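Listing of input-v3.csv; format and content: CSV, C-alpha atoms.
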```csv
chain,number,residue,atom,x,y,z
U,1,MET,CA,-109.7,141.7,-226.5
U,2,ASN,CA,-108.9,139.8,-223.4
U,3,LEU,CA,-111.4,140.8,-220.7
U,4,SER,CA,-110.7,137.8,-218.4
U,5,THR,CA,-110.3,138.3,-214.7
U,6,SER,CA,-110.2,136.3,-211.5
U,7,TYR,CA,-112.7,136.7,-208.7
U,8,MET,CA,-113.3,134.6,-205.6
U,9,GLY,CA,-111.0,131.9,-207.1
U,10,PHE,CA,-113.0,131.7,-210.4
U,11,LYS,CA,-111.6,132.5,-213.8
U,12,LEU,CA,-114.2,134.8,-215.5
U,13,ALA,CA,-114.5,135.8,-219.1
U,14,ASN,CA,-115.2,139.4,-218.2
U,15,PRO,CA,-115.5,141.4,-215.0
U,16,LEU,CA,-119.2,142.4,-215.2
U,17,ILE,CA,-121.3,140.4,-212.8
U,18,PRO,CA,-125.0,140.8,-212.3
U,19,GLY,CA,-125.4,141.5,-208.6
U,20,ALA,CA,-128.1,140.4,-206.2
U,21,SER,CA,-131.5,141.6,-207.5
U,22,PRO,CA,-134.9,140.3,-208.7
U,23,LEU,CA,-133.2,139.7,-212.1
U,24,THR,CA,-131.0,136.9,-210.5
U,25,THR,CA,-134.0,135.2,-209.0
U,26,ASP,CA,-136.1,134.6,-212.1
U,27,LEU,CA,-135.2,131.7,-214.3
U,28,ASP,CA,-135.9,133.5,-217.6
U,29,SER,CA,-133.8,136.4,-216.5
U,30,VAL,CA,-130.8,134.4,-215.5
U,31,ARG,CA,-130.8,132.6,-218.8
U,32,LYS,CA,-130.9,136.0,-220.6
U,33,LEU,CA,-128.1,137.3,-218.4
U,34,GLU,CA,-125.9,134.3,-219.3
U,35,ASP,CA,-126.7,134.7,-223.0
U,36,ALA,CA,-125.7,138.4,-222.7
U,37,GLY,CA,-122.3,137.4,-221.3
U,38,ALA,CA,-122.7,137.2,-217.5
U,39,PRO,CA,-119.6,135.3,-216.2
U,40,MET,CA,-121.2,134.8,-212.8
U,41,LEU,CA,-124.5,135.4,-211.0
U,42,ILE,CA,-125.1,136.7,-207.5
U,43,MET,CA,-128.5,135.5,-206.3
U,44,HIS,CA,-130.7,137.8,-204.3
U,45,SER,CA,-130.3,137.7,-200.6
U,46,VAL,CA,-132.0,135.5,-198.0
U,47,PHE,CA,-132.3,137.6,-194.8
U,48,GLU,CA,-131.3,136.7,-191.3
U,49,GLU,CA,-134.9,137.6,-190.2
U,50,GLN,CA,-136.2,134.9,-192.4
U,51,LEU,CA,-134.0,132.3,-190.7
U,52,SER,CA,-135.0,133.5,-187.2
U,53,ARG,CA,-138.7,134.3,-187.6
U,54,GLU,CA,-139.5,131.8,-184.9
U,55,GLN,CA,-137.3,133.6,-182.3
U,56,VAL,CA,-139.4,135.2,-179.6
U,57,SER,CA,-137.3,138.3,-179.5
U,58,LEU,CA,-138.0,139.3,-183.0
U,59,ASN,CA,-141.8,138.7,-182.7
U,60,TRP,CA,-141.8,140.7,-179.4
U,61,ALA,CA,-140.0,143.6,-181.1
U,62,MET,CA,-142.5,143.6,-184.0
U,63,ASP,CA,-145.5,143.4,-181.6
U,64,GLN,CA,-144.1,146.1,-179.3
U,65,ALA,CA,-143.2,148.5,-182.2
U,66,GLU,CA,-146.6,148.0,-183.9
U,67,GLY,CA,-148.5,148.4,-180.6
U,68,GLY,CA,-146.5,151.4,-179.5
U,69,SER,CA,-147.1,153.7,-182.5
U,70,SER,CA,-149.0,153.7,-185.7
U,71,GLU,CA,-146.0,155.0,-187.6
U,72,ALA,CA,-144.1,151.8,-186.8
U,73,THR,CA,-146.5,149.4,-188.5
U,74,THR,CA,-144.7,149.5,-191.9
U,75,TYR,CA,-141.2,149.4,-190.5
U,76,PHE,CA,-140.6,145.7,-190.1
U,77,PRO,CA,-141.3,143.4,-193.0
U,78,ARG,CA,-143.9,140.7,-192.4
U,79,PRO,CA,-142.9,137.1,-193.3
U,80,GLU,CA,-145.2,137.1,-196.3
U,81,GLU,CA,-143.3,140.1,-197.7
U,82,PHE,CA,-140.1,138.2,-198.4
U,83,ARG,CA,-139.7,137.1,-202.0
U,84,LEU,CA,-138.8,133.5,-201.1
U,85,GLY,CA,-138.8,131.7,-197.8
U,86,PRO,CA,-135.7,129.7,-196.7
U,87,GLU,CA,-136.8,126.4,-198.2
U,88,GLN,CA,-138.0,128.1,-201.4
U,89,TYR,CA,-134.7,129.9,-201.7
U,90,LEU,CA,-132.8,126.6,-201.7
U,91,GLU,CA,-135.1,125.1,-204.3
U,92,GLN,CA,-134.7,128.2,-206.5
U,93,LEU,CA,-130.9,127.9,-206.1
U,94,ARG,CA,-131.1,124.3,-207.4
U,95,LYS,CA,-133.2,125.4,-210.4
U,96,ILE,CA,-130.9,128.3,-211.3
U,97,LYS,CA,-127.8,126.0,-211.0
U,98,ALA,CA,-129.5,123.6,-213.4
U,99,ALA,CA,-130.4,126.4,-215.8
U,100,VAL,CA,-127.0,128.1,-216.3
U,101,LYS,CA,-123.4,127.0,-216.6
U,102,VAL,CA,-121.7,130.0,-215.0
U,103,PRO,CA,-120.9,130.0,-211.2
U,104,VAL,CA,-123.9,130.9,-209.0
U,105,ILE,CA,-123.2,132.7,-205.7
U,106,ALA,CA,-125.8,132.5,-203.0
U,107,SER,CA,-126.3,135.6,-200.8
U,108,LEU,CA,-126.9,135.9,-197.0
U,109,ASN,CA,-128.0,139.2,-195.5
U,110,GLY,CA,-127.8,139.9,-191.8
U,111,ARG,CA,-125.9,141.2,-188.9
U,112,THR,CA,-125.5,138.5,-186.2
U,113,ARG,CA,-124.1,135.0,-186.3
U,114,GLY,CA,-127.4,133.3,-185.5
U,115,GLY,CA,-128.4,130.5,-187.7
U,116,TRP,CA,-126.3,131.6,-190.6
U,117,THR,CA,-123.7,128.9,-190.4
U,118,GLU,CA,-126.2,126.1,-190.7
U,119,TYR,CA,-128.0,127.7,-193.6
U,120,ALA,CA,-124.7,128.4,-195.3
U,121,LYS,CA,-124.1,124.6,-195.3
U,122,LEU,CA,-127.6,124.1,-196.8
U,123,MET,CA,-126.7,126.6,-199.6
U,124,GLN,CA,-123.5,124.6,-200.3
U,125,GLN,CA,-125.5,121.3,-200.4
U,126,ALA,CA,-128.0,122.9,-202.8
U,127,GLY,CA,-125.2,123.6,-205.2
U,128,ALA,CA,-124.0,127.1,-204.6
U,129,ASP,CA,-120.6,127.7,-206.0
U,130,GLY,CA,-119.9,130.4,-203.4
U,131,ILE,CA,-121.6,132.6,-200.8
U,132,GLU,CA,-121.7,136.4,-200.6
U,133,LEU,CA,-122.1,137.5,-197.0
U,134,ASN,CA,-123.9,140.8,-196.9
U,135,ILE,CA,-123.2,142.5,-193.5
U,136,TYR,CA,-126.0,145.0,-192.9
U,137,ASP,CA,-125.8,146.4,-189.4
U,138,LEU,CA,-126.9,149.9,-188.3
U,139,PRO,CA,-126.1,150.1,-184.5
U,140,PHE,CA,-128.2,152.8,-183.0
U,141,SER,CA,-127.4,152.1,-179.4
U,142,THR,CA,-125.0,154.4,-177.5
U,143,GLY,CA,-123.7,151.3,-175.6
U,144,LYS,CA,-122.0,149.8,-178.7
U,145,GLY,CA,-118.7,151.2,-179.9
U,146,SER,CA,-117.0,150.9,-183.3
U,147,SER,CA,-114.6,148.2,-182.2
U,148,GLU,CA,-117.5,146.0,-181.0
U,149,VAL,CA,-119.3,146.5,-184.3
U,150,GLU,CA,-116.3,145.3,-186.2
U,151,LEU,CA,-115.7,142.3,-183.9
U,152,ASP,CA,-119.3,141.2,-184.3
U,153,ALA,CA,-119.0,141.4,-188.1
U,154,LEU,CA,-115.7,139.5,-188.0
U,155,GLU,CA,-117.3,136.8,-185.9
U,156,VAL,CA,-120.1,136.4,-188.5
U,157,ILE,CA,-117.5,136.2,-191.3
U,158,ARG,CA,-115.4,133.6,-189.5
U,159,GLY,CA,-118.4,131.5,-188.6
U,160,VAL,CA,-119.7,131.3,-192.1
U,161,HIS,CA,-116.3,130.8,-193.7
U,162,GLY,CA,-115.5,128.0,-191.2
U,163,ALA,CA,-118.8,126.3,-191.9
U,164,VAL,CA,-118.4,125.7,-195.7
U,165,ARG,CA,-115.8,124.6,-198.2
U,166,ILE,CA,-116.9,126.9,-201.0
U,167,PRO,CA,-115.4,130.4,-201.3
U,168,VAL,CA,-117.0,133.3,-199.3
U,169,ALA,CA,-117.1,136.9,-200.3
U,170,VAL,CA,-118.3,139.7,-197.9
U,171,LYS,CA,-120.1,142.8,-198.8
U,172,ILE,CA,-119.3,145.5,-196.3
U,173,SER,CA,-120.6,149.0,-195.3
U,174,PRO,CA,-118.6,152.1,-196.1
U,175,PHE,CA,-119.1,153.4,-192.6
U,176,TYR,CA,-116.5,151.5,-190.6
U,177,THR,CA,-114.1,153.9,-188.8
U,178,ALA,CA,-111.1,152.4,-190.7
U,179,PRO,CA,-112.4,150.5,-193.8
U,180,VAL,CA,-108.9,149.4,-195.1
U,181,HIS,CA,-108.0,148.0,-191.7
U,182,PHE,CA,-111.4,146.2,-191.4
U,183,ALA,CA,-111.0,144.8,-195.0
U,184,LYS,CA,-107.5,143.5,-194.1
U,185,ARG,CA,-108.9,141.7,-191.1
U,186,ALA,CA,-111.7,140.2,-193.1
U,187,ALA,CA,-109.3,139.0,-195.7
U,188,ILE,CA,-107.1,137.4,-193.0
U,189,SER,CA,-110.3,135.6,-191.9
U,190,GLY,CA,-110.2,133.8,-195.3
U,191,VAL,CA,-112.8,135.5,-197.5
U,192,LYS,CA,-112.0,135.3,-201.2
U,193,GLY,CA,-113.8,138.5,-202.2
U,194,LEU,CA,-114.5,141.9,-200.7
U,195,VAL,CA,-117.5,143.8,-202.2
U,196,LEU,CA,-117.6,147.6,-201.9
U,197,PHE,CA,-120.2,148.7,-200.7
U,198,ASN,CA,-123.6,147.8,-199.3
U,199,ARG,CA,-126.2,150.3,-200.3
U,200,PHE,CA,-128.2,151.3,-197.3
U,201,TYR,CA,-131.7,152.1,-198.4
U,202,GLN,CA,-132.7,155.2,-196.4
U,203,ALA,CA,-136.3,155.6,-195.2
U,204,ASP,CA,-137.9,158.9,-196.1
U,205,ILE,CA,-140.6,160.7,-194.0
U,206,ASP,CA,-144.1,161.6,-195.2
U,207,VAL,CA,-144.6,164.8,-193.2
U,208,ASP,CA,-148.4,164.8,-193.7
U,209,THR,CA,-149.2,161.3,-192.7
U,210,LEU,CA,-146.3,160.9,-190.2
U,211,THR,CA,-145.3,157.6,-191.8
U,212,LEU,CA,-142.1,156.2,-193.2
U,213,LYS,CA,-141.8,155.9,-196.9
U,214,ARG,CA,-139.8,153.0,-198.3
U,215,ASP,CA,-139.3,154.0,-201.8
U,216,LEU,CA,-136.6,152.1,-203.7
U,217,LYS,CA,-134.2,154.6,-205.4
U,218,LEU,CA,-131.9,153.0,-208.0
U,219,SER,CA,-128.2,154.0,-208.0
U,220,THR,CA,-126.6,156.5,-210.3
U,221,SER,CA,-123.0,156.9,-211.5
U,222,ASP,CA,-122.5,159.5,-208.8
U,223,GLU,CA,-122.5,156.8,-206.1
U,224,LEU,CA,-119.4,155.2,-207.7
U,225,LEU,CA,-116.9,157.9,-206.4
U,226,MET,CA,-116.8,156.7,-202.8
U,227,ARG,CA,-116.3,153.1,-203.9
U,228,LEU,CA,-113.5,154.1,-206.2
U,229,ARG,CA,-111.7,155.9,-203.4
U,230,TRP,CA,-111.7,153.0,-201.0
U,231,ALA,CA,-110.9,150.3,-203.6
U,232,ALA,CA,-107.9,152.4,-204.7
U,233,ALA,CA,-106.8,152.5,-201.0
U,234,MET,CA,-107.3,148.7,-200.5
U,235,TYR,CA,-105.7,147.5,-203.7
U,236,GLY,CA,-102.3,145.9,-203.0
U,237,GLN,CA,-102.9,145.9,-199.2
U,238,ILE,CA,-105.4,143.0,-198.9
U,239,GLU,CA,-105.3,139.5,-200.2
U,240,SER,CA,-109.0,139.3,-201.2
U,241,ASP,CA,-110.2,140.1,-204.6
U,242,ILE,CA,-112.1,143.4,-204.8
U,243,ALA,CA,-115.5,143.9,-206.4
U,244,ILE,CA,-117.3,147.2,-206.7
U,245,THR,CA,-121.1,147.5,-206.6
U,246,GLY,CA,-123.3,150.6,-206.6
U,247,GLY,CA,-123.1,153.2,-209.4
U,248,VAL,CA,-121.7,151.0,-212.2
U,249,HIS,CA,-123.8,152.0,-215.2
U,250,THR,CA,-121.5,152.9,-218.1
U,251,VAL,CA,-118.4,151.6,-219.9
U,252,GLU,CA,-116.4,154.4,-218.3
U,253,ASP,CA,-117.8,153.4,-214.8
U,254,ALA,CA,-116.6,149.8,-215.4
U,255,ILE,CA,-113.2,151.0,-216.6
U,256,LYS,CA,-112.7,153.1,-213.5
U,257,CYS,CA,-113.5,150.2,-211.3
U,258,ILE,CA,-110.7,148.1,-212.9
U,259,MET,CA,-108.3,151.1,-212.9
U,260,VAL,CA,-108.5,151.5,-209.1
U,261,GLY,CA,-107.8,147.8,-208.6
U,262,ALA,CA,-111.2,145.9,-208.6
U,263,SER,CA,-111.2,142.5,-210.2
U,264,ALA,CA,-115.0,142.7,-210.9
U,265,ALA,CA,-117.9,145.1,-211.0
U,266,GLN,CA,-121.4,144.1,-210.0
U,267,LEU,CA,-124.4,145.6,-211.8
U,268,VAL,CA,-127.9,145.9,-210.5
U,269,SER,CA,-129.6,149.2,-211.2
U,270,ALA,CA,-128.2,149.4,-214.7
U,271,LEU,CA,-129.6,146.0,-215.6
U,272,ILE,CA,-133.0,146.8,-214.0
U,273,VAL,CA,-133.3,149.9,-216.1
U,274,ASN,CA,-131.8,148.7,-219.4
U,275,GLY,CA,-132.4,144.9,-219.2
U,276,PRO,CA,-130.0,142.0,-219.5
U,277,ALA,CA,-128.9,142.9,-223.0
U,278,HIS,CA,-127.1,146.0,-221.4
U,279,LEU,CA,-124.5,143.6,-220.2
U,280,LYS,CA,-123.4,142.7,-223.7
U,281,THR,CA,-123.3,146.4,-224.6
U,282,LEU,CA,-121.0,147.2,-221.8
U,283,THR,CA,-118.6,144.3,-222.4
U,284,GLN,CA,-118.4,145.3,-226.1
U,285,GLY,CA,-117.8,148.9,-225.1
U,286,MET,CA,-115.0,147.8,-222.7
U,287,SER,CA,-113.3,145.9,-225.4
U,288,LYS,CA,-113.5,148.8,-227.8
U,289,TRP,CA,-112.1,151.2,-225.1
U,290,LEU,CA,-109.2,149.0,-224.3
U,291,GLU,CA,-108.3,148.6,-227.9
U,292,GLU,CA,-108.5,152.3,-228.6
U,293,HIS,CA,-106.2,153.0,-225.6
U,294,GLU,CA,-103.8,150.3,-226.7
U,295,TYR,CA,-104.2,147.9,-223.9
U,296,LYS,CA,-103.8,144.2,-224.7
U,297,SER,CA,-105.8,142.9,-221.7
U,298,LEU,CA,-107.8,144.0,-218.7
U,299,LYS,CA,-105.1,142.8,-216.4
U,300,GLU,CA,-102.7,145.3,-217.9
U,301,MET,CA,-104.9,148.1,-216.8
U,302,GLN,CA,-105.9,146.8,-213.4
U,303,GLY,CA,-104.7,149.0,-210.5
U,304,ASN,CA,-103.0,151.7,-212.6
U,305,MET,CA,-104.9,154.4,-210.7
U,306,SER,CA,-104.8,152.9,-207.3
U,307,LEU,CA,-103.0,154.6,-204.3
U,308,ALA,CA,-100.5,151.7,-204.4
U,309,LYS,CA,-99.0,153.4,-207.4
U,310,THR,CA,-98.2,156.6,-205.4
U,311,ALA,CA,-95.2,157.0,-203.1
U,312,GLU,CA,-97.3,158.8,-200.4
U,313,PRO,CA,-100.9,157.8,-200.8
U,314,GLU,CA,-102.1,159.6,-197.6
U,315,LEU,CA,-100.5,162.8,-198.8
U,316,TYR,CA,-102.0,162.4,-202.2
U,317,GLU,CA,-105.5,162.0,-200.8
U,318,ARG,CA,-105.3,165.1,-198.6
U,319,GLY,CA,-103.7,167.1,-201.3
U,320,ASN,CA,-106.5,166.2,-203.7
U,321,TYR,CA,-109.0,167.2,-201.1
U,322,MET,CA,-107.4,170.6,-200.5
U,323,HIS,CA,-107.0,171.2,-204.3
U,324,ILE,CA,-110.7,170.7,-204.9
U,325,LEU,CA,-111.7,173.1,-202.1
U,326,GLN,CA,-109.3,175.8,-203.3
U,327,SER,CA,-110.1,175.5,-207.0
U,328,TRP,CA,-113.9,175.8,-206.7
U,329,SER,CA,-115.5,179.0,-207.9
U,330,LYS,CA,-119.1,180.1,-208.5
U,331,SER,CA,-120.0,179.9,-212.2
```

Mind turning this structure into structure tokens?
Amino acid sequence: MNLSTSYMGFKLANPLIPGASPLTTDLDSVRKLEDAGAPMLIMHSVFEEQLSREQVSLNWAMDQAEGGSSEATTYFPRPEEFRLGPEQYLEQLRKIKAAVKVPVIASLNGRTRGGWTEYAKLMQQAGADGIELNIYDLPFSTGKGSSEVELDALEVIRGVHGAVRIPVAVKISPFYTAPVHFAKRAAISGVKGLVLFNRFYQADIDVDTLTLKRDLKLSTSDELLMRLRWAAAMYGQIESDIAITGGVHTVEDAIKCIMVGASAAQLVSALIVNGPAHLKTLTQGMSKWLEEHEYKSLKEMQGNMSLAKTAEPELYERGNYMHILQSWSKS
């Protein structure tokens, strides 16, 4: 079965890409992922805070927060908590490039333009085949409106895209006021891939100790629904390839991603739980599903459940919403 797809300008043997995680940092793991059929690897992220640790403003914020209340002492990560520093990240990128034959995409995580552009150039020099720009911004100030948030993000995207010759993808938040409009503007800025969506890890509260709990909760298939909805809305309206991440665990999950128009699906939690070999299980399962449903290729199925296939997508969406509310009954 032909599972080939195109993403970020690369021809891939299948659409299942290991996303940014500890698995794509370790040399032994990346070799196992490639052996299991990974067509591309997204390295874990280097954070903006790592690139700007020397900035007085960040140090001041950490000192003030920690001095002001005991609850804040665990909020900001200290430099030693980062998995790899900026120089070590580049060295690990070089090692991973030498260890595998598939494209390796470096990842930048932040929210302001800062020193990203220069570091993006260093990633390119270190051998990255592309860059995934992870826009992670939670504006809590009442003085910053939605249009300003979007303009800031677009400035970052344009800055990084303009600084390198390799393709750039951007991983965005689901919380923009008009996600399709923002995705369109990002695509016009030149990004080759659009990743839906960033998973914001929510801090919980320990009510006895009055401290924040930073427990990592892995995704489940339930998280996929929001991503399917917006990918279905974007397909056919933006020039960038779409990738879905967050909630892709089963063969059915992967099939749904392609049906709404995604060119690729990124897996993280599923691989952490089941190991690299799960990738091979999923690709074999996709081939079997396509054959049983008489598809000749993945491309033949792509987008067949997107809103682009309906005459009035907005009416379809609201009609579905009303139908669900009216049809519910207590069991």

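Atom CA of Asp26 of chain U to atom CA of Phe47 of chain U spans 18.0 Å [interatomic distance, one decimal].
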
*Point (-126.4, 137.9, -215.9), cut-off 10 Å, counting all atoms listed in the file, residues as a PyMOL selection string*: chain U and resi 16-19+23-24+29-42+100+102+266-268+271+275-280

Segment 167-176 of chain U environment, 8 Å, all atoms listed in the file, sequence neighbours closer than 6 positions dropped, as a CSV table (one decimal) with C-alpha atoms, in the frame of the given file:
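Done, and the output landed in part14.csv:
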```
chain,number,residue,atom,x,y,z
U,8,MET,CA,-113.3,134.6,-205.6
U,9,GLY,CA,-111.0,131.9,-207.1
U,129,ASP,CA,-120.6,127.7,-206.0
U,130,GLY,CA,-119.9,130.4,-203.4
U,131,ILE,CA,-121.6,132.6,-200.8
U,132,GLU,CA,-121.7,136.4,-200.6
U,133,LEU,CA,-122.1,137.5,-197.0
U,134,ASN,CA,-123.9,140.8,-196.9
U,135,ILE,CA,-123.2,142.5,-193.5
U,136,TYR,CA,-126.0,145.0,-192.9
U,146,SER,CA,-117.0,150.9,-183.3
U,150,GLU,CA,-116.3,145.3,-186.2
U,157,ILE,CA,-117.5,136.2,-191.3
U,160,VAL,CA,-119.7,131.3,-192.1
U,161,HIS,CA,-116.3,130.8,-193.7
U,182,PHE,CA,-111.4,146.2,-191.4
U,190,GLY,CA,-110.2,133.8,-195.3
U,191,VAL,CA,-112.8,135.5,-197.5
U,192,LYS,CA,-112.0,135.3,-201.2
U,193,GLY,CA,-113.8,138.5,-202.2
U,194,LEU,CA,-114.5,141.9,-200.7
U,195,VAL,CA,-117.5,143.8,-202.2
U,196,LEU,CA,-117.6,147.6,-201.9
U,197,PHE,CA,-120.2,148.7,-200.7
U,198,ASN,CA,-123.6,147.8,-199.3
U,199,ARG,CA,-126.2,150.3,-200.3
```

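Distance-wise, atom CA of Asp253 of chain U and atom CA of Glu223 of chain U end up 10.5 Å apart.
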
Would you kindly return, as a short mmCIF file (atom, residue, chain, number, x, y, z; two decimals) with C-alpha atoms, in the frame of the given file, each protein, DNA or RNA residue with an atom no farther than 9 Å from any atom of Arg94 of chain U, considering all atoms listed in the file and excluding same-chain residues fewer than 3 positions away?
```cif
data_model
loop_
_atom_site.label_atom_id
_atom_site.label_comp_id
_atom_site.auth_asym_id
_atom_site.auth_seq_id
_atom_site.Cartn_x
_atom_site.Cartn_y
_atom_site.Cartn_z
CA TYR U 89 -134.70 129.90 -201.70
CA LEU U 90 -132.80 126.60 -201.70
CA GLU U 91 -135.10 125.10 -204.30
CA LYS U 97 -127.80 126.00 -211.00
CA ALA U 98 -129.50 123.60 -213.40
CA ALA U 99 -130.40 126.40 -215.80
CA ALA U 126 -128.00 122.90 -202.80
CA GLY U 127 -125.20 123.60 -205.20
CA ALA U 128 -124.00 127.10 -204.60
#
```

*Mind pulling up the distance from atom CA of Asp215 of chain U to atom CA of Gln92 of chain U?*
26.6 Å
